[in-house]
Amino acid sequence: MSGFTPLFTLQFIGIVLWDIGLSFFNLLTPNLKKGSVVPKGHPGAGGSWPAYVPPKDGDSRGSCPALNALANHGVLPHDGKNIPFTTLTDTVRASYNFAPSFCKFVPMFSANMLGKKYSTDTFNLADLDLHNGIEHDASLLRQDVYYSKDQGSPHLPFVKALLSSASGKAPDGSVTLTPYDVARFAAKRRMDSQKENPEFSLGFAHKMFGSSNASTLLTILGGRVEDLEPFLFEERLPEGWEPRVMSRMGLTIQAFNGTVMKVESKTKKIIANAER
């Protein structure tokens, strides 16, 4: 994995400042209206997503269900290959309503991780699963690389266990995952993986990546089990679905980190209590 160059560091500082500005903009402007979160003209506008087609042999998929789902619906190339990093920025912004700062940073980080140029290079979805790059041990939805080199498909027993732990309720009565539900399952995964995987590794950065992945389920998906079931079991977007984040400029890094830190702190506390 490539280290952070001075240019990347400067770009990151610029993105952080941009993100702060977008956060203030969201505070001062009304939310998007229901049914208009995905912009007109983009696949998924009004909740109308292109047909779902499962991956076939030879297609590239990675450990991120959000990107796999976009490929399964043909929003990203269905084969998951030769995707420009810049296309990823634009597609994730329109499809999931992450803030433009967020959508610029993650592909830039990924390009840097792979030793590629964000502005000109391409990648396959499976490339993002460089072990201990972004992909890591004790994932919520995948077995560790020690047990499964191919991270392109979810480990269904993990998905079932996670969703069955949901204890929250949305205002309309829908069952939801809560930060505590996710943290409890994440803690179990970390403790089990550390005990069972002879090559286990999980540093601070990868713990934060894990809590970030979990937080996407709580924010963009709203933690709603009825939406998470097709999203996690099949990596399919439900018909009529739109992102649950309604902020005009999308989910900023700053806002997202509030959820990430909540999940991570609860995960640490559960592990600490279990080890007493």
# chains A, B, ... in the order shown; residues from 1 in each chain; ligands from 1
call {"tool": "residues_around", "arguments": {"residues": "Asp181 of chain A", "least_positions_apart": "5", "cutoff": "7 Å", "atoms": "only C-alpha atoms", "output": "PDB file with all heavy atoms, in the first residue's frame"}}
result
ATOM      1  N   SER A 165     -30.267  -9.430  15.218  1.00  0.00           N
ATOM      2  CA  SER A 165     -29.981  -8.739  16.490  1.00  0.00           C
ATOM      3  C   SER A 165     -30.656  -7.377  16.582  1.00  0.00           C
ATOM      4  O   SER A 165     -30.569  -6.711  17.620  1.00  0.00           O
ATOM      5  CB  SER A 165     -28.467  -8.559  16.646  1.00  0.00           C
ATOM      6  OG  SER A 165     -27.974  -7.554  15.761  1.00  0.00           O
ATOM      7  N   ALA A 166     -31.334  -6.952  15.521  1.00  0.00           N
ATOM      8  CA  ALA A 166     -31.928  -5.611  15.482  1.00  0.00           C
ATOM      9  C   ALA A 166     -32.950  -5.431  16.606  1.00  0.00           C
ATOM     10  O   ALA A 166     -33.853  -6.258  16.774  1.00  0.00           O
ATOM     11  CB  ALA A 166     -32.587  -5.363  14.132  1.00  0.00           C
ATOM     12  N   SER A 167     -32.816  -4.341  17.340  1.00  0.00           N
ATOM     13  CA  SER A 167     -33.692  -4.104  18.498  1.00  0.00           C
ATOM     14  C   SER A 167     -34.394  -2.751  18.448  1.00  0.00           C
ATOM     15  O   SER A 167     -35.143  -2.419  19.365  1.00  0.00           O
ATOM     16  CB  SER A 167     -32.880  -4.192  19.795  1.00  0.00           C
ATOM     17  OG  SER A 167     -31.912  -3.143  19.853  1.00  0.00           O
TER      18      SER A 167
END
call {"tool": "select_by_dssp", "arguments": {"residues": "segment 54-105 of chain A", "states": "alpha helix (DSSP H)", "output": "PyMOL selection string"}}
result
chain A and resi 65-72+85-96+100-105
call {"tool": "closest_residue", "arguments": {"among": "A:Glu234, A:Asp137, A:Asp127, A:Glu264", "to": "Val53 of chain A", "atoms": "only C-alpha atoms"}}
result
A:Glu234
call {"tool": "residues_around", "arguments": {"residues": "Pro171 of chain A", "least_positions_apart": "4", "cutoff": "12 Å", "atoms": "only C-alpha atoms", "output": "mmCIF file with N, CA and C atoms, in the first residue's frame"}}
result
data_model
loop_
_atom_site.group_PDB
_atom_site.id
_atom_site.type_symbol
_atom_site.label_atom_id
_atom_site.label_comp_id
_atom_site.auth_asym_id
_atom_site.auth_seq_id
_atom_site.Cartn_x
_atom_site.Cartn_y
_atom_site.Cartn_z
ATOM 1 N N VAL A 175 -38.565 -2.286 11.962
ATOM 2 C CA VAL A 175 -37.468 -2.770 12.808
ATOM 3 C C VAL A 175 -36.149 -2.217 12.277
ATOM 4 N N THR A 176 -35.301 -1.735 13.184
ATOM 5 C CA THR A 176 -34.034 -1.135 12.771
ATOM 6 C C THR A 176 -32.874 -1.656 13.617
ATOM 7 N N GLY A 222 -30.338 3.799 6.949
ATOM 8 C CA GLY A 222 -31.232 4.066 8.076
ATOM 9 C C GLY A 222 -31.383 2.924 9.055
ATOM 10 N N ARG A 224 -32.689 0.162 8.590
ATOM 11 C CA ARG A 224 -33.971 -0.530 8.414
ATOM 12 C C ARG A 224 -33.759 -1.951 7.888
#
call {"tool": "closest_residue", "arguments": {"among": "A:Pro154, A:Gly240, A:Pro50, A:Gly21", "to": "Leu141 of chain A", "atoms": "only C-alpha atoms"}}
result
A:Pro154
call {"tool": "closest_residue", "arguments": {"among": "A:Pro84, A:Pro77, A:Pro179, A:Gly35", "to": "Gly223 of chain A", "atoms": "only C-alpha atoms"}}
result
A:Pro179
call {"tool": "select_by_dssp", "arguments": {"residues": "segment 41-225 of chain A", "states": "strand (DSSP E)", "output": "PyMOL selection string"}}
result
chain A and resi 83-84+122-123+168-169+175-176
call {"tool": "write_last_selection", "arguments": {"atoms": "N, CA, C and O atoms", "output": "tab-separated table (two decimals), in the first residue's frame"}}
result
chain	number	residue	atom	x	y	z
A	83	ILE	N	-13.18	0.64	-13.90
A	83	ILE	CA	-14.00	1.76	-13.46
A	83	ILE	C	-13.09	2.95	-13.15
A	83	ILE	O	-12.20	2.83	-12.30
A	84	PRO	N	-13.26	4.08	-13.80
A	84	PRO	CA	-12.45	5.26	-13.44
A	84	PRO	C	-12.76	5.69	-12.00
A	84	PRO	O	-13.93	5.67	-11.57
A	122	THR	N	-8.01	3.56	-13.57
A	122	THR	CA	-9.20	2.76	-13.34
A	122	THR	C	-8.89	1.63	-12.36
A	122	THR	O	-7.72	1.37	-12.05
A	123	PHE	N	-9.94	0.94	-11.93
A	123	PHE	CA	-9.77	-0.18	-10.99
A	123	PHE	C	-10.89	-1.18	-11.22
A	123	PHE	O	-11.92	-0.88	-11.84
A	168	GLY	N	-34.15	-1.96	17.39
A	168	GLY	CA	-34.71	-0.62	17.32
A	168	GLY	C	-36.01	-0.57	16.54
A	168	GLY	O	-36.42	-1.54	15.88
A	169	LYS	N	-36.67	0.57	16.64
A	169	LYS	CA	-37.90	0.80	15.89
A	169	LYS	C	-37.86	2.20	15.27
A	169	LYS	O	-37.53	3.17	15.95
A	175	VAL	N	-38.56	-2.29	11.96
A	175	VAL	CA	-37.47	-2.77	12.81
A	175	VAL	C	-36.15	-2.22	12.28
A	175	VAL	O	-35.90	-2.24	11.06
A	176	THR	N	-35.30	-1.73	13.18
A	176	THR	CA	-34.03	-1.13	12.77
A	176	THR	C	-32.87	-1.66	13.62
A	176	THR	O	-33.05	-2.02	14.79
call {"tool": "residues_around", "arguments": {"residues": "segment 17-20 of chain A", "least_positions_apart": "4", "cutoff": "8 Å", "atoms": "only C-alpha atoms", "output": "MDAnalysis selection string"}}
result
chainID A and resid 13 24 99 101:102 252:254
call {"tool": "write_last_selection", "arguments": {"atoms": "all heavy atoms", "output": "short mmCIF file (atom, residue, chain, number, x, y, z; two decimals), in the first residue's frame"}}
result
data_model
loop_
_atom_site.label_atom_id
_atom_site.label_comp_id
_atom_site.auth_asym_id
_atom_site.auth_seq_id
_atom_site.Cartn_x
_atom_site.Cartn_y
_atom_site.Cartn_z
N ILE A 13 -6.30 17.84 3.36
CA ILE A 13 -6.60 19.03 4.15
C ILE A 13 -7.67 19.87 3.45
O ILE A 13 -8.61 20.37 4.08
CB ILE A 13 -5.32 19.85 4.40
CG1 ILE A 13 -4.37 19.08 5.32
CG2 ILE A 13 -5.65 21.22 5.00
CD1 ILE A 13 -2.99 19.69 5.44
N PHE A 24 -21.86 23.09 7.30
CA PHE A 24 -22.57 24.32 7.64
C PHE A 24 -23.69 24.59 6.65
O PHE A 24 -24.79 25.02 7.02
CB PHE A 24 -21.60 25.50 7.69
CG PHE A 24 -20.85 25.61 8.98
CD1 PHE A 24 -19.48 25.38 9.03
CD2 PHE A 24 -21.50 25.95 10.16
CE1 PHE A 24 -18.78 25.47 10.23
CE2 PHE A 24 -20.81 26.04 11.36
CZ PHE A 24 -19.45 25.80 11.40
N ALA A 99 -21.87 13.23 0.74
CA ALA A 99 -21.45 14.56 0.34
C ALA A 99 -20.34 14.48 -0.71
O ALA A 99 -19.58 13.51 -0.75
CB ALA A 99 -20.95 15.34 1.56
N SER A 101 -17.56 15.94 -0.82
CA SER A 101 -16.26 15.82 -0.15
C SER A 101 -15.96 14.36 0.19
O SER A 101 -14.83 13.88 -0.01
CB SER A 101 -16.24 16.68 1.12
OG SER A 101 -17.39 16.41 1.91
N PHE A 102 -16.94 13.67 0.71
CA PHE A 102 -16.82 12.25 1.05
C PHE A 102 -16.53 11.44 -0.21
O PHE A 102 -15.64 10.57 -0.23
CB PHE A 102 -18.13 11.80 1.68
CG PHE A 102 -18.04 10.60 2.57
CD1 PHE A 102 -18.55 10.62 3.84
CD2 PHE A 102 -17.48 9.41 2.11
CE1 PHE A 102 -18.49 9.50 4.67
CE2 PHE A 102 -17.40 8.29 2.92
CZ PHE A 102 -17.91 8.34 4.21
N THR A 252 -21.94 14.34 5.13
CA THR A 252 -20.56 14.81 5.17
C THR A 252 -19.69 13.87 6.01
O THR A 252 -20.20 13.09 6.82
CB THR A 252 -20.48 16.22 5.76
OG1 THR A 252 -20.96 16.20 7.12
CG2 THR A 252 -21.30 17.22 4.95
N ILE A 253 -18.40 14.00 5.83
CA ILE A 253 -17.45 13.23 6.64
C ILE A 253 -17.65 13.57 8.11
O ILE A 253 -17.64 12.69 8.98
CB ILE A 253 -16.00 13.51 6.19
CG1 ILE A 253 -15.80 13.10 4.73
CG2 ILE A 253 -15.01 12.80 7.09
CD1 ILE A 253 -14.48 13.59 4.14
N GLN A 254 -17.83 14.85 8.40
CA GLN A 254 -17.99 15.30 9.77
C GLN A 254 -19.22 14.67 10.42
O GLN A 254 -19.16 14.15 11.54
CB GLN A 254 -18.08 16.82 9.82
CG GLN A 254 -18.13 17.41 11.22
CD GLN A 254 -18.14 18.93 11.18
OE1 GLN A 254 -18.58 19.53 10.22
NE2 GLN A 254 -17.66 19.54 12.25
#
call {"tool": "residues_around", "arguments": {"residues": "Leu163 of chain A", "least_positions_apart": "6", "cutoff": "8 Å", "atoms": "only C-alpha atoms", "output": "list of chain:residue names"}}
result
A:Leu177, A:Val225, A:Leu228, A:Glu229
call {"tool": "closest_residue", "arguments": {"among": "A:Arg184, A:Ala71, A:Ser63, A:Leu156", "to": "Leu130 of chain A", "atoms": "only C-alpha atoms"}}
result
A:Ser63
call {"tool": "atom_distance", "arguments": {"atom1": "atom CA of Ile271 of chain A", "atom2": "atom CA of Phe200 of chain A"}}
result
16.3 Å
call {"tool": "residues_around", "arguments": {"residues": "Val145 of chain A", "least_positions_apart": "3", "cutoff": "12 Å", "atoms": "only C-alpha atoms", "output": "PDB file with all heavy atoms, in the first residue's frame"}}
result
ATOM      1  N   SER A  63     -15.637  -6.419  -1.282  1.00  0.00           N
ATOM      2  CA  SER A  63     -16.259  -6.600   0.031  1.00  0.00           C
ATOM      3  C   SER A  63     -17.242  -5.500   0.378  1.00  0.00           C
ATOM      4  O   SER A  63     -17.860  -5.547   1.439  1.00  0.00           O
ATOM      5  CB  SER A  63     -15.174  -6.677   1.112  1.00  0.00           C
ATOM      6  OG  SER A  63     -14.362  -5.516   1.088  1.00  0.00           O
ATOM      7  N   ASP A 129      -9.960  -4.813  -2.377  1.00  0.00           N
ATOM      8  CA  ASP A 129      -9.828  -5.749  -1.266  1.00  0.00           C
ATOM      9  C   ASP A 129      -8.378  -6.107  -0.964  1.00  0.00           C
ATOM     10  O   ASP A 129      -8.101  -7.183  -0.419  1.00  0.00           O
ATOM     11  CB  ASP A 129     -10.635  -7.018  -1.542  1.00  0.00           C
ATOM     12  CG  ASP A 129     -12.121  -6.774  -1.396  1.00  0.00           C
ATOM     13  OD1 ASP A 129     -12.500  -5.826  -0.681  1.00  0.00           O
ATOM     14  OD2 ASP A 129     -12.910  -7.506  -2.011  1.00  0.00           O
ATOM     15  N   LEU A 130      -7.469  -5.221  -1.300  1.00  0.00           N
ATOM     16  CA  LEU A 130      -6.090  -5.378  -0.840  1.00  0.00           C
ATOM     17  C   LEU A 130      -6.122  -5.553   0.680  1.00  0.00           C
ATOM     18  O   LEU A 130      -6.611  -4.686   1.407  1.00  0.00           O
ATOM     19  CB  LEU A 130      -5.283  -4.135  -1.214  1.00  0.00           C
ATOM     20  CG  LEU A 130      -3.837  -4.081  -0.721  1.00  0.00           C
ATOM     21  CD1 LEU A 130      -2.985  -5.119  -1.456  1.00  0.00           C
ATOM     22  CD2 LEU A 130      -3.264  -2.683  -0.941  1.00  0.00           C
ATOM     23  N   HIS A 131      -5.617  -6.683   1.159  1.00  0.00           N
ATOM     24  CA  HIS A 131      -5.750  -6.988   2.587  1.00  0.00           C
ATOM     25  C   HIS A 131      -4.995  -5.975   3.442  1.00  0.00           C
ATOM     26  O   HIS A 131      -3.847  -5.631   3.175  1.00  0.00           O
ATOM     27  CB  HIS A 131      -5.242  -8.397   2.880  1.00  0.00           C
ATOM     28  CG  HIS A 131      -5.487  -8.833   4.294  1.00  0.00           C
ATOM     29  ND1 HIS A 131      -6.736  -8.776   4.881  1.00  0.00           N
ATOM     30  CD2 HIS A 131      -4.639  -9.320   5.242  1.00  0.00           C
ATOM     31  CE1 HIS A 131      -6.649  -9.219   6.125  1.00  0.00           C
ATOM     32  NE2 HIS A 131      -5.393  -9.549   6.364  1.00  0.00           N
ATOM     33  N   ASN A 132      -5.695  -5.493   4.454  1.00  0.00           N
ATOM     34  CA  ASN A 132      -5.189  -4.455   5.352  1.00  0.00           C
ATOM     35  C   ASN A 132      -4.921  -3.140   4.626  1.00  0.00           C
ATOM     36  O   ASN A 132      -4.101  -2.320   5.075  1.00  0.00           O
ATOM     37  CB  ASN A 132      -3.954  -4.918   6.128  1.00  0.00           C
ATOM     38  CG  ASN A 132      -4.320  -5.885   7.239  1.00  0.00           C
ATOM     39  OD1 ASN A 132      -5.450  -5.875   7.742  1.00  0.00           O
ATOM     40  ND2 ASN A 132      -3.380  -6.727   7.631  1.00  0.00           N
ATOM     41  N   GLU A 135      -9.915  -3.295   3.219  1.00  0.00           N
ATOM     42  CA  GLU A 135     -10.410  -4.593   3.681  1.00  0.00           C
ATOM     43  C   GLU A 135      -9.617  -5.021   4.913  1.00  0.00           C
ATOM     44  O   GLU A 135      -8.426  -4.776   5.015  1.00  0.00           O
ATOM     45  CB  GLU A 135     -10.266  -5.620   2.552  1.00  0.00           C
ATOM     46  CG  GLU A 135     -10.822  -6.987   2.858  1.00  0.00           C
ATOM     47  CD  GLU A 135      -9.875  -7.832   3.665  1.00  0.00           C
ATOM     48  OE1 GLU A 135      -8.642  -7.695   3.492  1.00  0.00           O
ATOM     49  OE2 GLU A 135     -10.362  -8.637   4.485  1.00  0.00           O
ATOM     50  N   HIS A 136     -10.292  -5.684   5.860  1.00  0.00           N
ATOM     51  CA  HIS A 136      -9.644  -5.991   7.139  1.00  0.00           C
ATOM     52  C   HIS A 136     -10.280  -7.220   7.761  1.00  0.00           C
ATOM     53  O   HIS A 136     -11.384  -7.643   7.383  1.00  0.00           O
ATOM     54  CB  HIS A 136      -9.799  -4.803   8.100  1.00  0.00           C
ATOM     55  CG  HIS A 136     -11.230  -4.378   8.274  1.00  0.00           C
ATOM     56  ND1 HIS A 136     -12.080  -4.973   9.176  1.00  0.00           N
ATOM     57  CD2 HIS A 136     -11.975  -3.443   7.626  1.00  0.00           C
ATOM     58  CE1 HIS A 136     -13.276  -4.423   9.091  1.00  0.00           C
ATOM     59  NE2 HIS A 136     -13.251  -3.490   8.151  1.00  0.00           N
ATOM     60  N   ASP A 137      -9.582  -7.779   8.742  1.00  0.00           N
ATOM     61  CA  ASP A 137     -10.123  -8.902   9.500  1.00  0.00           C
ATOM     62  C   ASP A 137     -11.286  -8.433  10.378  1.00  0.00           C
ATOM     63  O   ASP A 137     -11.429  -7.242  10.676  1.00  0.00           O
ATOM     64  CB  ASP A 137      -9.031  -9.523  10.381  1.00  0.00           C
ATOM     65  CG  ASP A 137      -8.021 -10.330   9.579  1.00  0.00           C
ATOM     66  OD1 ASP A 137      -8.364 -10.775   8.461  1.00  0.00           O
ATOM     67  OD2 ASP A 137      -6.883 -10.508  10.063  1.00  0.00           O
ATOM     68  N   ALA A 138     -12.100  -9.402  10.802  1.00  0.00           N
ATOM     69  CA  ALA A 138     -13.236  -9.157  11.703  1.00  0.00           C
ATOM     70  C   ALA A 138     -14.299  -8.272  11.062  1.00  0.00           C
ATOM     71  O   ALA A 138     -14.971  -7.499  11.746  1.00  0.00           O
ATOM     72  CB  ALA A 138     -12.761  -8.570  13.032  1.00  0.00           C
ATOM     73  N   SER A 139     -14.469  -8.388   9.747  1.00  0.00           N
ATOM     74  CA  SER A 139     -15.534  -7.675   9.057  1.00  0.00           C
ATOM     75  C   SER A 139     -16.894  -8.163   9.561  1.00  0.00           C
ATOM     76  O   SER A 139     -17.051  -9.314   9.953  1.00  0.00           O
ATOM     77  CB  SER A 139     -15.416  -7.923   7.546  1.00  0.00           C
ATOM     78  OG  SER A 139     -16.612  -7.611   6.881  1.00  0.00           O
ATOM     79  N   ARG A 142     -18.088 -10.383   6.052  1.00  0.00           N
ATOM     80  CA  ARG A 142     -17.223 -11.316   5.332  1.00  0.00           C
ATOM     81  C   ARG A 142     -16.380 -12.121   6.311  1.00  0.00           C
ATOM     82  O   ARG A 142     -16.037 -11.633   7.393  1.00  0.00           O
ATOM     83  CB  ARG A 142     -16.268 -10.556   4.399  1.00  0.00           C
ATOM     84  CG  ARG A 142     -16.711 -10.449   2.948  1.00  0.00           C
ATOM     85  CD  ARG A 142     -17.905  -9.603   2.723  1.00  0.00           C
ATOM     86  NE  ARG A 142     -18.188  -9.414   1.281  1.00  0.00           N
ATOM     87  CZ  ARG A 142     -19.293  -8.873   0.812  1.00  0.00           C
ATOM     88  NH1 ARG A 142     -20.229  -8.433   1.626  1.00  0.00           N
ATOM     89  NH2 ARG A 142     -19.473  -8.750  -0.495  1.00  0.00           N
ATOM     90  N   SER A 148     -11.183 -17.081   3.579  1.00  0.00           N
ATOM     91  CA  SER A 148     -11.804 -16.868   2.267  1.00  0.00           C
ATOM     92  C   SER A 148     -11.057 -15.768   1.521  1.00  0.00           C
ATOM     93  O   SER A 148     -11.208 -14.583   1.834  1.00  0.00           O
ATOM     94  CB  SER A 148     -13.279 -16.481   2.445  1.00  0.00           C
ATOM     95  OG  SER A 148     -13.876 -16.214   1.202  1.00  0.00           O
ATOM     96  N   LYS A 149     -10.257 -16.173   0.544  1.00  0.00           N
ATOM     97  CA  LYS A 149      -9.499 -15.192  -0.233  1.00  0.00           C
ATOM     98  C   LYS A 149     -10.421 -14.303  -1.061  1.00  0.00           C
ATOM     99  O   LYS A 149     -10.145 -13.126  -1.288  1.00  0.00           O
ATOM    100  CB  LYS A 149      -8.511 -15.901  -1.169  1.00  0.00           C
ATOM    101  CG  LYS A 149      -7.488 -16.773  -0.468  1.00  0.00           C
ATOM    102  CD  LYS A 149      -6.583 -15.972   0.443  1.00  0.00           C
ATOM    103  CE  LYS A 149      -5.511 -16.873   1.074  1.00  0.00           C
ATOM    104  NZ  LYS A 149      -4.705 -16.117   2.070  1.00  0.00           N
ATOM    105  N   ASP A 150     -11.521 -14.858  -1.535  1.00  0.00           N
ATOM    106  CA  ASP A 150     -12.478 -14.108  -2.340  1.00  0.00           C
ATOM    107  C   ASP A 150     -13.444 -13.381  -1.408  1.00  0.00           C
ATOM    108  O   ASP A 150     -14.259 -13.999  -0.720  1.00  0.00           O
ATOM    109  CB  ASP A 150     -13.249 -15.058  -3.261  1.00  0.00           C
ATOM    110  CG  ASP A 150     -14.256 -14.327  -4.143  1.00  0.00           C
ATOM    111  OD1 ASP A 150     -14.304 -13.082  -4.097  1.00  0.00           O
ATOM    112  OD2 ASP A 150     -14.993 -15.017  -4.874  1.00  0.00           O
ATOM    113  N   GLN A 151     -13.358 -12.061  -1.401  1.00  0.00           N
ATOM    114  CA  GLN A 151     -14.195 -11.249  -0.525  1.00  0.00           C
ATOM    115  C   GLN A 151     -15.420 -10.693  -1.261  1.00  0.00           C
ATOM    116  O   GLN A 151     -16.121  -9.814  -0.752  1.00  0.00           O
ATOM    117  CB  GLN A 151     -13.374 -10.094   0.048  1.00  0.00           C
ATOM    118  CG  GLN A 151     -12.264 -10.542   0.991  1.00  0.00           C
ATOM    119  CD  GLN A 151     -12.804 -11.024   2.320  1.00  0.00           C
ATOM    120  OE1 GLN A 151     -13.439 -10.284   3.046  1.00  0.00           O
ATOM    121  NE2 GLN A 151     -12.576 -12.300   2.636  1.00  0.00           N
ATOM    122  N   GLY A 152     -15.704 -11.217  -2.440  1.00  0.00           N
ATOM    123  CA  GLY A 152     -16.752 -10.656  -3.280  1.00  0.00           C
ATOM    124  C   GLY A 152     -18.169 -11.043  -2.904  1.00  0.00           C
ATOM    125  O   GLY A 152     -19.116 -10.476  -3.436  1.00  0.00           O
ATOM    126  N   HIS A 155     -20.842 -13.383   3.711  1.00  0.00           N
ATOM    127  CA  HIS A 155     -20.958 -14.634   4.466  1.00  0.00           C
ATOM    128  C   HIS A 155     -22.338 -14.620   5.101  1.00  0.00           C
ATOM    129  O   HIS A 155     -22.583 -13.910   6.081  1.00  0.00           O
ATOM    130  CB  HIS A 155     -19.848 -14.715   5.521  1.00  0.00           C
ATOM    131  CG  HIS A 155     -19.803 -16.020   6.252  1.00  0.00           C
ATOM    132  ND1 HIS A 155     -19.628 -17.221   5.611  1.00  0.00           N
ATOM    133  CD2 HIS A 155     -19.930 -16.313   7.581  1.00  0.00           C
ATOM    134  CE1 HIS A 155     -19.624 -18.208   6.491  1.00  0.00           C
ATOM    135  NE2 HIS A 155     -19.812 -17.680   7.696  1.00  0.00           N
ATOM    136  N   SER A 193     -12.648 -13.528  15.918  1.00  0.00           N
ATOM    137  CA  SER A 193     -11.590 -13.550  14.912  1.00  0.00           C
ATOM    138  C   SER A 193     -10.220 -13.602  15.566  1.00  0.00           C
ATOM    139  O   SER A 193      -9.334 -14.343  15.123  1.00  0.00           O
ATOM    140  CB  SER A 193     -11.723 -12.327  14.002  1.00  0.00           C
ATOM    141  OG  SER A 193     -10.776 -12.370  12.962  1.00  0.00           O
ATOM    142  N   ASN A 197      -8.458 -16.916  14.277  1.00  0.00           N
ATOM    143  CA  ASN A 197      -7.642 -16.678  13.083  1.00  0.00           C
ATOM    144  C   ASN A 197      -6.169 -16.563  13.480  1.00  0.00           C
ATOM    145  O   ASN A 197      -5.779 -15.586  14.125  1.00  0.00           O
ATOM    146  CB  ASN A 197      -8.114 -15.391  12.394  1.00  0.00           C
ATOM    147  CG  ASN A 197      -7.323 -15.059  11.141  1.00  0.00           C
ATOM    148  OD1 ASN A 197      -6.348 -15.719  10.804  1.00  0.00           O
ATOM    149  ND2 ASN A 197      -7.733 -14.007  10.455  1.00  0.00           N
ATOM    150  N   PRO A 198      -5.329 -17.521  13.087  1.00  0.00           N
ATOM    151  CA  PRO A 198      -3.913 -17.460  13.489  1.00  0.00           C
ATOM    152  C   PRO A 198      -3.147 -16.297  12.862  1.00  0.00           C
ATOM    153  O   PRO A 198      -2.052 -15.971  13.325  1.00  0.00           O
ATOM    154  CB  PRO A 198      -3.355 -18.809  13.017  1.00  0.00           C
ATOM    155  CG  PRO A 198      -4.275 -19.242  11.928  1.00  0.00           C
ATOM    156  CD  PRO A 198      -5.627 -18.718  12.289  1.00  0.00           C
ATOM    157  N   GLU A 199      -3.715 -15.670  11.827  1.00  0.00           N
ATOM    158  CA  GLU A 199      -3.060 -14.534  11.184  1.00  0.00           C
ATOM    159  C   GLU A 199      -3.826 -13.231  11.435  1.00  0.00           C
ATOM    160  O   GLU A 199      -3.678 -12.261  10.698  1.00  0.00           O
ATOM    161  CB  GLU A 199      -2.948 -14.792   9.677  1.00  0.00           C
ATOM    162  CG  GLU A 199      -2.076 -15.992   9.344  1.00  0.00           C
ATOM    163  CD  GLU A 199      -1.975 -16.249   7.849  1.00  0.00           C
ATOM    164  OE1 GLU A 199      -2.596 -15.492   7.062  1.00  0.00           O
ATOM    165  OE2 GLU A 199      -1.280 -17.219   7.460  1.00  0.00           O
ATOM    166  N   PHE A 200      -4.619 -13.210  12.493  1.00  0.00           N
ATOM    167  CA  PHE A 200      -5.458 -12.050  12.793  1.00  0.00           C
ATOM    168  C   PHE A 200      -4.633 -10.782  12.984  1.00  0.00           C
ATOM    169  O   PHE A 200      -3.601 -10.775  13.650  1.00  0.00           O
ATOM    170  CB  PHE A 200      -6.266 -12.321  14.067  1.00  0.00           C
ATOM    171  CG  PHE A 200      -7.043 -11.135  14.563  1.00  0.00           C
ATOM    172  CD1 PHE A 200      -8.243 -10.783  13.966  1.00  0.00           C
ATOM    173  CD2 PHE A 200      -6.572 -10.370  15.627  1.00  0.00           C
ATOM    174  CE1 PHE A 200      -8.977  -9.695  14.421  1.00  0.00           C
ATOM    175  CE2 PHE A 200      -7.301  -9.284  16.088  1.00  0.00           C
ATOM    176  CZ  PHE A 200      -8.499  -8.944  15.481  1.00  0.00           C
ATOM    177  N   SER A 201      -5.127  -9.707  12.379  1.00  0.00           N
ATOM    178  CA  SER A 201      -4.550  -8.384  12.627  1.00  0.00           C
ATOM    179  C   SER A 201      -5.664  -7.360  12.488  1.00  0.00           C
ATOM    180  O   SER A 201      -6.508  -7.464  11.600  1.00  0.00           O
ATOM    181  CB  SER A 201      -3.413  -8.072  11.644  1.00  0.00           C
ATOM    182  OG  SER A 201      -3.916  -7.985  10.317  1.00  0.00           O
TER     183      SER A 201
END
call {"tool": "closest_residue", "arguments": {"among": "A:Ala205, A:Ile270, A:Val38, A:Leu237", "to": "Asn68 of chain A", "atoms": "only C-alpha atoms"}}
result
A:Leu237
call {"tool": "residues_around", "arguments": {"residues": "Phe8 of chain A", "least_positions_apart": "3", "cutoff": "9 Å", "atoms": "only C-alpha atoms", "output": "PyMOL selection string"}}
result
chain A and resi 4-5+11-13+108-109+112
call {"tool": "atom_distance", "arguments": {"atom1": "atom CA of Asn82 of chain A", "atom2": "atom CA of Gly250 of chain A"}}
result
26.6 Å
call {"tool": "closest_residue", "arguments": {"among": "A:Gly210, A:Pro230, A:Pro39, A:Ile15", "to": "Pro100 of chain A", "atoms": "only C-alpha atoms"}}
result
A:Ile15
